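Source file: protein_14.txt (compact mmCIF, N, CA, C and O atoms)
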# COMPACT_ATOMS: atom_id res chain seq x y z
N MET V 29 127.25 112.05 36.29
CA MET V 29 126.34 111.08 36.86
C MET V 29 126.10 111.42 38.34
O MET V 29 127.03 111.74 39.06
N THR V 30 124.84 111.33 38.75
CA THR V 30 124.52 111.67 40.13
C THR V 30 124.83 110.51 41.06
O THR V 30 124.73 109.34 40.69
N THR V 31 125.17 110.87 42.28
CA THR V 31 125.51 109.85 43.26
C THR V 31 124.27 109.39 44.01
O THR V 31 123.20 110.01 43.93
N TYR V 32 124.47 108.33 44.74
CA TYR V 32 123.37 107.75 45.53
C TYR V 32 122.83 108.77 46.52
O TYR V 32 121.62 108.93 46.65
N LYS V 33 123.71 109.48 47.21
CA LYS V 33 123.29 110.47 48.21
C LYS V 33 122.54 111.63 47.56
O LYS V 33 121.57 112.14 48.12
N GLU V 34 122.97 112.03 46.39
CA GLU V 34 122.28 113.11 45.68
C GLU V 34 120.86 112.66 45.28
O GLU V 34 119.91 113.44 45.38
N LEU V 35 120.75 111.43 44.83
CA LEU V 35 119.42 110.91 44.46
C LEU V 35 118.50 110.82 45.68
O LEU V 35 117.31 111.13 45.59
N LEU V 36 119.04 110.41 46.82
CA LEU V 36 118.24 110.37 48.05
C LEU V 36 117.78 111.77 48.43
O LEU V 36 116.63 111.96 48.87
N ALA V 37 118.64 112.75 48.29
CA ALA V 37 118.28 114.14 48.60
C ALA V 37 117.19 114.63 47.65
O ALA V 37 116.25 115.32 48.07
N GLN V 38 117.31 114.27 46.37
CA GLN V 38 116.28 114.64 45.39
C GLN V 38 114.94 113.99 45.74
O GLN V 38 113.88 114.61 45.64
N ARG V 39 115.02 112.70 46.15
CA ARG V 39 113.78 112.01 46.52
C ARG V 39 113.12 112.68 47.72
O ARG V 39 111.90 112.87 47.75
N ALA V 40 113.90 113.06 48.72
CA ALA V 40 113.36 113.72 49.90
C ALA V 40 112.69 115.04 49.52
O ALA V 40 111.60 115.36 50.01
N GLU V 41 113.33 115.79 48.63
CA GLU V 41 112.74 117.05 48.17
C GLU V 41 111.45 116.81 47.40
O GLU V 41 110.46 117.53 47.57
N LEU V 42 111.44 115.78 46.54
CA LEU V 42 110.22 115.44 45.79
C LEU V 42 109.10 115.02 46.72
O LEU V 42 107.93 115.38 46.51
N GLU V 43 109.43 114.26 47.76
CA GLU V 43 108.40 113.84 48.71
C GLU V 43 107.79 115.04 49.43
O GLU V 43 106.59 115.08 49.68
N LYS V 44 108.60 116.04 49.75
CA LYS V 44 108.08 117.27 50.36
C LYS V 44 107.15 117.99 49.39
O LYS V 44 106.08 118.48 49.77
N GLN V 45 107.54 118.07 48.12
CA GLN V 45 106.71 118.74 47.11
C GLN V 45 105.40 117.97 46.90
O GLN V 45 104.33 118.58 46.75
N ILE V 46 105.49 116.64 46.89
CA ILE V 46 104.29 115.81 46.72
C ILE V 46 103.32 116.05 47.87
O ILE V 46 102.11 116.21 47.67
N GLU V 47 103.84 116.07 49.10
CA GLU V 47 102.98 116.27 50.27
C GLU V 47 102.33 117.66 50.24
O GLU V 47 101.16 117.81 50.56
N ALA V 48 103.08 118.67 49.83
CA ALA V 48 102.53 120.03 49.74
C ALA V 48 101.43 120.08 48.68
O ALA V 48 100.36 120.68 48.91
N ALA V 49 101.67 119.46 47.54
CA ALA V 49 100.66 119.44 46.47
C ALA V 49 99.42 118.67 46.91
O ALA V 49 98.29 119.06 46.61
N ARG V 50 99.63 117.59 47.64
CA ARG V 50 98.50 116.79 48.13
C ARG V 50 97.64 117.61 49.10
O ARG V 50 96.42 117.59 49.02
N LYS V 51 98.29 118.32 50.02
CA LYS V 51 97.54 119.14 50.98
C LYS V 51 96.73 120.22 50.26
O LYS V 51 95.59 120.49 50.63
N GLU V 52 97.32 120.82 49.25
CA GLU V 52 96.61 121.86 48.49
C GLU V 52 95.42 121.27 47.75
O GLU V 52 94.31 121.81 47.77
N ALA V 53 95.62 120.12 47.10
CA ALA V 53 94.53 119.47 46.37
C ALA V 53 93.44 118.99 47.34
O ALA V 53 92.25 119.08 47.04
N LEU V 54 93.87 118.51 48.50
CA LEU V 54 92.92 118.02 49.48
C LEU V 54 92.03 119.14 50.01
O LEU V 54 90.81 118.98 50.13
N SER V 55 92.62 120.28 50.29
CA SER V 55 91.81 121.40 50.78
C SER V 55 90.81 121.86 49.71
O SER V 55 89.68 122.21 50.02
N SER V 56 91.22 121.84 48.46
CA SER V 56 90.31 122.20 47.37
C SER V 56 89.18 121.18 47.25
O SER V 56 88.01 121.55 47.08
N ALA V 57 89.51 119.91 47.37
CA ALA V 57 88.50 118.86 47.27
C ALA V 57 87.50 118.96 48.42
O ALA V 57 86.29 118.81 48.22
N ILE V 58 87.99 119.21 49.61
CA ILE V 58 87.10 119.34 50.77
C ILE V 58 86.15 120.51 50.59
O ILE V 58 84.97 120.42 50.90
N ALA V 59 86.65 121.62 50.07
CA ALA V 59 85.80 122.79 49.82
C ALA V 59 84.71 122.44 48.81
O ALA V 59 83.54 122.84 48.97
N GLN V 60 85.07 121.70 47.77
CA GLN V 60 84.07 121.30 46.76
C GLN V 60 83.01 120.38 47.37
O GLN V 60 81.82 120.54 47.11
N VAL V 61 83.45 119.43 48.17
CA VAL V 61 82.52 118.50 48.80
C VAL V 61 81.57 119.25 49.73
O VAL V 61 80.36 119.01 49.72
N ARG V 62 82.10 120.15 50.51
CA ARG V 62 81.24 120.92 51.43
C ARG V 62 80.22 121.74 50.66
O ARG V 62 79.07 121.87 51.09
N ALA V 63 80.63 122.32 49.54
CA ALA V 63 79.70 123.11 48.73
C ALA V 63 78.58 122.23 48.19
O ALA V 63 77.41 122.61 48.20
N ILE V 64 78.92 121.04 47.72
CA ILE V 64 77.90 120.12 47.19
C ILE V 64 76.96 119.66 48.28
O ILE V 64 75.74 119.61 48.10
N VAL V 65 77.51 119.33 49.46
CA VAL V 65 76.68 118.89 50.59
C VAL V 65 75.71 119.99 50.98
O VAL V 65 74.52 119.74 51.22
N THR V 66 76.18 121.21 51.02
CA THR V 66 75.32 122.33 51.37
C THR V 66 74.27 122.58 50.29
O THR V 66 73.09 122.77 50.60
N GLU V 67 74.69 122.57 49.04
CA GLU V 67 73.78 122.85 47.94
C GLU V 67 72.62 121.85 47.87
O GLU V 67 71.48 122.22 47.67
N TYR V 68 72.92 120.59 48.06
CA TYR V 68 71.89 119.55 47.95
C TYR V 68 71.32 119.12 49.30
O TYR V 68 70.53 118.18 49.37
N GLU V 69 71.74 119.77 50.37
CA GLU V 69 71.27 119.47 51.72
C GLU V 69 71.42 117.99 52.05
O GLU V 69 70.52 117.33 52.54
N LEU V 70 72.59 117.46 51.75
CA LEU V 70 72.86 116.05 51.98
C LEU V 70 73.14 115.80 53.46
O LEU V 70 73.69 116.65 54.15
N THR V 71 72.75 114.61 53.92
CA THR V 71 73.04 114.21 55.28
C THR V 71 74.21 113.23 55.28
O THR V 71 74.62 112.74 54.23
N GLU V 72 74.70 112.92 56.47
CA GLU V 72 75.77 111.94 56.59
C GLU V 72 75.33 110.59 56.05
O GLU V 72 76.09 109.89 55.39
N GLU V 73 74.08 110.23 56.28
CA GLU V 73 73.53 108.97 55.77
C GLU V 73 73.52 108.96 54.24
O GLU V 73 73.82 107.94 53.61
N ASP V 74 73.18 110.09 53.63
CA ASP V 74 73.19 110.18 52.17
C ASP V 74 74.58 109.93 51.60
O ASP V 74 74.74 109.23 50.61
N VAL V 75 75.57 110.50 52.24
CA VAL V 75 76.93 110.45 51.71
C VAL V 75 77.64 109.15 52.06
O VAL V 75 78.30 108.55 51.22
N PHE V 76 77.47 108.66 53.29
CA PHE V 76 78.25 107.52 53.75
C PHE V 76 77.44 106.25 53.94
O PHE V 76 77.89 105.32 54.61
N SER V 77 76.27 106.17 53.34
CA SER V 77 75.44 104.98 53.46
C SER V 77 76.16 103.79 52.85
O SER V 77 76.78 103.89 51.80
N LYS V 78 76.07 102.64 53.50
CA LYS V 78 76.71 101.43 52.98
C LYS V 78 75.86 100.75 51.92
O LYS V 78 76.28 99.81 51.29
N LYS V 79 74.65 101.24 51.74
CA LYS V 79 73.79 100.68 50.71
C LYS V 79 74.34 101.06 49.34
O LYS V 79 74.82 102.16 49.14
N THR V 80 74.22 100.15 48.41
CA THR V 80 74.65 100.45 47.05
C THR V 80 73.43 100.75 46.21
O THR V 80 72.32 100.33 46.52
N THR V 81 73.63 101.46 45.13
CA THR V 81 72.54 101.76 44.23
C THR V 81 72.37 100.68 43.18
O THR V 81 71.53 100.78 42.31
N ARG V 82 73.19 99.63 43.25
CA ARG V 82 73.11 98.56 42.27
C ARG V 82 71.73 97.91 42.26
O ARG V 82 71.17 97.61 41.22
N THR V 83 71.15 97.71 43.44
CA THR V 83 69.84 97.09 43.53
C THR V 83 68.80 97.90 42.76
O THR V 83 68.03 97.35 41.99
N ALA V 84 68.81 99.20 42.97
CA ALA V 84 67.83 100.04 42.30
C ALA V 84 68.06 100.09 40.80
O ALA V 84 67.12 100.08 40.02
N SER V 85 69.31 100.13 40.40
CA SER V 85 69.60 100.29 38.98
C SER V 85 69.42 99.00 38.19
O SER V 85 69.08 99.04 37.02
N THR V 86 69.66 97.85 38.81
CA THR V 86 69.56 96.59 38.08
C THR V 86 68.23 95.89 38.31
O THR V 86 67.91 94.94 37.59
N GLY V 87 67.49 96.31 39.30
CA GLY V 87 66.20 95.68 39.58
C GLY V 87 66.31 94.44 40.43
O GLY V 87 65.33 93.76 40.67
N HIS V 88 67.52 94.10 40.92
CA HIS V 88 67.67 92.94 41.79
C HIS V 88 67.12 93.25 43.17
O HIS V 88 67.31 94.33 43.70
N LYS V 89 66.45 92.29 43.73
CA LYS V 89 65.89 92.46 45.06
C LYS V 89 66.49 91.43 45.99
O LYS V 89 66.91 90.36 45.57
N THR V 90 66.49 91.74 47.27
CA THR V 90 66.95 90.78 48.27
C THR V 90 65.89 89.70 48.41
O THR V 90 64.70 89.99 48.48
N VAL V 91 66.35 88.47 48.46
CA VAL V 91 65.43 87.34 48.55
C VAL V 91 65.50 86.77 49.96
O VAL V 91 66.59 86.58 50.51
N ALA V 92 64.34 86.49 50.52
CA ALA V 92 64.29 85.90 51.86
C ALA V 92 64.78 84.46 51.81
O ALA V 92 64.58 83.76 50.81
N PRO V 93 65.42 84.00 52.87
CA PRO V 93 65.88 82.61 52.88
C PRO V 93 64.70 81.64 52.85
O PRO V 93 63.65 81.90 53.43
N LYS V 94 64.89 80.54 52.16
CA LYS V 94 63.84 79.54 52.01
C LYS V 94 64.13 78.29 52.83
O LYS V 94 63.23 77.59 53.25
N TYR V 95 65.43 78.05 53.09
CA TYR V 95 65.84 76.84 53.81
C TYR V 95 66.74 77.20 54.98
O TYR V 95 67.50 78.16 54.91
N ARG V 96 66.63 76.41 56.08
CA ARG V 96 67.47 76.65 57.26
C ARG V 96 68.03 75.32 57.75
O ARG V 96 67.32 74.33 57.85
N ASP V 97 69.32 75.35 58.10
CA ASP V 97 69.97 74.19 58.69
C ASP V 97 69.60 74.17 60.17
O ASP V 97 69.92 75.10 60.90
N PRO V 98 68.90 73.13 60.66
CA PRO V 98 68.47 73.11 62.06
C PRO V 98 69.63 73.01 63.05
O PRO V 98 69.50 73.40 64.20
N ILE V 99 70.77 72.55 62.60
CA ILE V 99 71.91 72.39 63.50
C ILE V 99 72.65 73.70 63.69
O ILE V 99 72.90 74.14 64.81
N THR V 100 73.00 74.35 62.60
CA THR V 100 73.80 75.58 62.69
C THR V 100 72.99 76.85 62.58
O THR V 100 73.45 77.92 62.93
N GLY V 101 71.78 76.77 62.04
CA GLY V 101 70.97 77.96 61.83
C GLY V 101 71.29 78.67 60.53
O GLY V 101 70.71 79.71 60.23
N ALA V 102 72.22 78.12 59.75
CA ALA V 102 72.57 78.73 58.46
C ALA V 102 71.36 78.68 57.53
O ALA V 102 70.56 77.75 57.59
N THR V 103 71.24 79.69 56.68
CA THR V 103 70.10 79.75 55.77
C THR V 103 70.57 79.78 54.33
O THR V 103 71.73 80.09 54.04
N TRP V 104 69.64 79.48 53.43
CA TRP V 104 69.91 79.50 52.00
C TRP V 104 68.63 79.92 51.29
O TRP V 104 67.53 79.50 51.65
N THR V 105 68.74 80.74 50.27
CA THR V 105 67.58 81.25 49.55
C THR V 105 67.02 80.25 48.55
O THR V 105 65.90 80.41 48.09
N GLY V 106 67.80 79.26 48.19
CA GLY V 106 67.37 78.32 47.16
C GLY V 106 67.90 78.70 45.80
O GLY V 106 67.63 78.03 44.81
N ARG V 107 68.67 79.77 45.76
CA ARG V 107 69.27 80.22 44.50
C ARG V 107 70.76 79.93 44.50
O ARG V 107 71.41 80.00 45.53
N GLY V 108 71.27 79.62 43.35
CA GLY V 108 72.70 79.35 43.25
C GLY V 108 73.05 77.95 43.71
O GLY V 108 72.19 77.10 43.93
N LYS V 109 74.33 77.73 43.87
CA LYS V 109 74.82 76.42 44.28
C LYS V 109 74.39 76.13 45.72
O LYS V 109 74.60 76.96 46.61
N PRO V 110 73.82 74.95 45.97
CA PRO V 110 73.38 74.65 47.32
C PRO V 110 74.56 74.47 48.28
O PRO V 110 75.59 73.92 47.90
N PRO V 111 74.40 74.92 49.53
CA PRO V 111 75.47 74.72 50.49
C PRO V 111 75.61 73.25 50.86
O PRO V 111 74.70 72.45 50.62
N LEU V 112 76.73 72.90 51.44
CA LEU V 112 77.02 71.50 51.75
C LEU V 112 76.00 70.88 52.70
O LEU V 112 75.69 69.69 52.60
N TRP V 113 75.44 71.66 53.61
CA TRP V 113 74.53 71.10 54.59
C TRP V 113 73.19 70.66 53.98
O TRP V 113 72.44 69.92 54.60
N ILE V 114 72.90 71.07 52.76
CA ILE V 114 71.64 70.69 52.12
C ILE V 114 71.85 69.91 50.82
O ILE V 114 70.95 69.24 50.35
N ALA V 115 73.04 69.96 50.30
CA ALA V 115 73.33 69.31 49.01
C ALA V 115 73.06 67.82 49.09
O ALA V 115 73.49 67.13 50.02
N GLY V 116 72.31 67.31 48.13
CA GLY V 116 72.02 65.89 48.04
C GLY V 116 70.98 65.38 49.01
O GLY V 116 70.78 64.18 49.12
N GLN V 117 70.30 66.27 49.73
CA GLN V 117 69.29 65.85 50.70
C GLN V 117 67.92 66.37 50.28
O GLN V 117 67.81 67.25 49.43
N ASP V 118 66.89 65.84 50.90
CA ASP V 118 65.52 66.28 50.62
C ASP V 118 65.35 67.68 51.20
O ASP V 118 65.42 67.88 52.42
N ARG V 119 65.12 68.64 50.35
CA ARG V 119 65.04 70.04 50.79
C ARG V 119 63.80 70.33 51.61
O ARG V 119 63.76 71.30 52.37
N LEU V 120 62.77 69.51 51.51
CA LEU V 120 61.56 69.73 52.30
C LEU V 120 61.86 69.65 53.80
O LEU V 120 61.17 70.28 54.60
N ASN V 121 62.87 68.88 54.18
CA ASN V 121 63.24 68.76 55.59
C ASN V 121 63.85 70.05 56.13
O ASN V 121 63.91 70.23 57.35
N PHE V 122 64.30 70.92 55.26
CA PHE V 122 64.97 72.14 55.67
C PHE V 122 64.14 73.39 55.40
O PHE V 122 64.57 74.50 55.67
N LEU V 123 62.94 73.22 54.88
CA LEU V 123 62.09 74.35 54.50
C LEU V 123 61.74 75.17 55.73
O LEU V 123 61.34 74.64 56.76
N ILE V 124 61.87 76.47 55.63
CA ILE V 124 61.49 77.37 56.72
C ILE V 124 59.98 77.41 56.81
O ILE V 124 59.29 77.50 55.79
N GLU V 125 59.45 77.36 58.01
CA GLU V 125 57.99 77.26 58.22
C GLU V 125 57.21 78.35 57.51
O GLU V 125 56.18 78.10 56.92
N ASP V 126 57.68 79.59 57.52
CA ASP V 126 56.98 80.70 56.86
C ASP V 126 56.85 80.44 55.38
O ASP V 126 55.89 80.84 54.75
N GLN V 127 57.83 79.75 54.80
CA GLN V 127 57.84 79.47 53.37
C GLN V 127 56.90 78.33 53.02
O GLN V 127 56.46 78.21 51.89
N ALA V 128 56.61 77.45 53.97
CA ALA V 128 55.78 76.28 53.70
C ALA V 128 54.33 76.67 53.47
O ALA V 128 53.60 75.98 52.77
N ALA V 129 53.90 77.77 54.04
CA ALA V 129 52.49 78.17 53.94
C ALA V 129 52.13 78.71 52.59
O ALA V 129 52.80 79.07 51.75

Would you mind giving the structure from this file in structure tokens?
Amino acid sequence: MTTYKELLAQRAELEKQIEAARKEALSSAIAQVRAIVTEYELTEEDVFSKKTTRTASTGHKTVAPKYRDPITGATWTGRGKPPLWIAGQDRLNFLIEDQAA
């Protein structure tokens, strides 16, 4: 049966092997990414854009706000559960002027 100290030594050796394998895999992955970026002439914006493709794939569009709280400036599109500042009140009082036309 192995002792506690022997197991700790084995763990330390495994951690060294894991780190070496990670570095090797990482360098390979970076080389692949660079090749793809070069091949497709991708820009930083293409790769790291915070935009998701969900909108394009599902057909959902961003909706402009329809109502505004005059006190806080908070807005609501009129979709989903109404926020507390408009719930139970006449929504015409909160209608954004651009939407009224």

Polymer residues at most 8 Å from Ile114 (chain V), all atoms listed in the file, same-chain spacing of 5 or more positions, as number ranges by chain: V: 97, 119, 122

Expected answer as number ranges by chain: alpha helix (DSSP H) residues in chain V: V: 32-68, 72-76, 82-86, 125-128

Computed interatomic separation between atom O of Leu123 (chain V) and atom O of Ala92 (chain V) (Å):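 Atom-to-atom, atom O of Leu123 (chain V) to atom O of Ala92 (chain V), that is 11.4 Å.
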
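Going from CA of Glu41 (chain V) over to CA of Ala53 (chain V), you cover 18.5 Å.
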
Between atom C of Glu125 (chain V) and CA of Lys94 (chain V) - distance in Å to one decimal: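 So the answer is 8.7 Å.
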
Point (70.7, 82.9, 48.4) neighbourhood (8 Å, all atoms listed in the file) written as a list in words: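 Taken together, the residues in range are Val91, Ala92, Pro93, Lys94, Thr103, Trp104, Thr105, Gly106, Arg107, Gly108 and Lys109 of chain V.
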
Okay, now the selection with N, CA, C and O atoms, as a compact mmCIF listing (two decimals), in the frame of the given file?
# COMPACT_ATOMS: atom_id res chain seq x y z
N VAL V 91 66.35 88.47 48.46
CA VAL V 91 65.43 87.34 48.55
C VAL V 91 65.50 86.77 49.96
O VAL V 91 66.59 86.58 50.51
N ALA V 92 64.34 86.49 50.52
CA ALA V 92 64.29 85.90 51.86
C ALA V 92 64.78 84.46 51.81
O ALA V 92 64.58 83.76 50.81
N PRO V 93 65.42 84.00 52.87
CA PRO V 93 65.88 82.61 52.88
C PRO V 93 64.70 81.64 52.85
O PRO V 93 63.65 81.90 53.43
N LYS V 94 64.89 80.54 52.16
CA LYS V 94 63.84 79.54 52.01
C LYS V 94 64.13 78.29 52.83
O LYS V 94 63.23 77.59 53.25
N THR V 103 71.24 79.69 56.68
CA THR V 103 70.10 79.75 55.77
C THR V 103 70.57 79.78 54.33
O THR V 103 71.73 80.09 54.04
N TRP V 104 69.64 79.48 53.43
CA TRP V 104 69.91 79.50 52.00
C TRP V 104 68.63 79.92 51.29
O TRP V 104 67.53 79.50 51.65
N THR V 105 68.74 80.74 50.27
CA THR V 105 67.58 81.25 49.55
C THR V 105 67.02 80.25 48.55
O THR V 105 65.90 80.41 48.09
N GLY V 106 67.80 79.26 48.19
CA GLY V 106 67.37 78.32 47.16
C GLY V 106 67.90 78.70 45.80
O GLY V 106 67.63 78.03 44.81
N ARG V 107 68.67 79.77 45.76
CA ARG V 107 69.27 80.22 44.50
C ARG V 107 70.76 79.93 44.50
O ARG V 107 71.41 80.00 45.53
N GLY V 108 71.27 79.62 43.35
CA GLY V 108 72.70 79.35 43.25
C GLY V 108 73.05 77.95 43.71
O GLY V 108 72.19 77.10 43.93
N LYS V 109 74.33 77.73 43.87
CA LYS V 109 74.82 76.42 44.28
C LYS V 109 74.39 76.13 45.72
O LYS V 109 74.60 76.96 46.61

DSSP strand (DSSP E or B) selection over chain V, as a list in words: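 DSSP on the backbone gives strand (DSSP E or B) at Tyr95, Arg96, Thr103, Trp104 and Leu123 of chain V.
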
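Shortest atom-to-atom contact with Leu120 (chain V) among V:Arg96, V:Arg39, V:Lys44, V:His88: V:Arg96, counting only C-alpha atoms.
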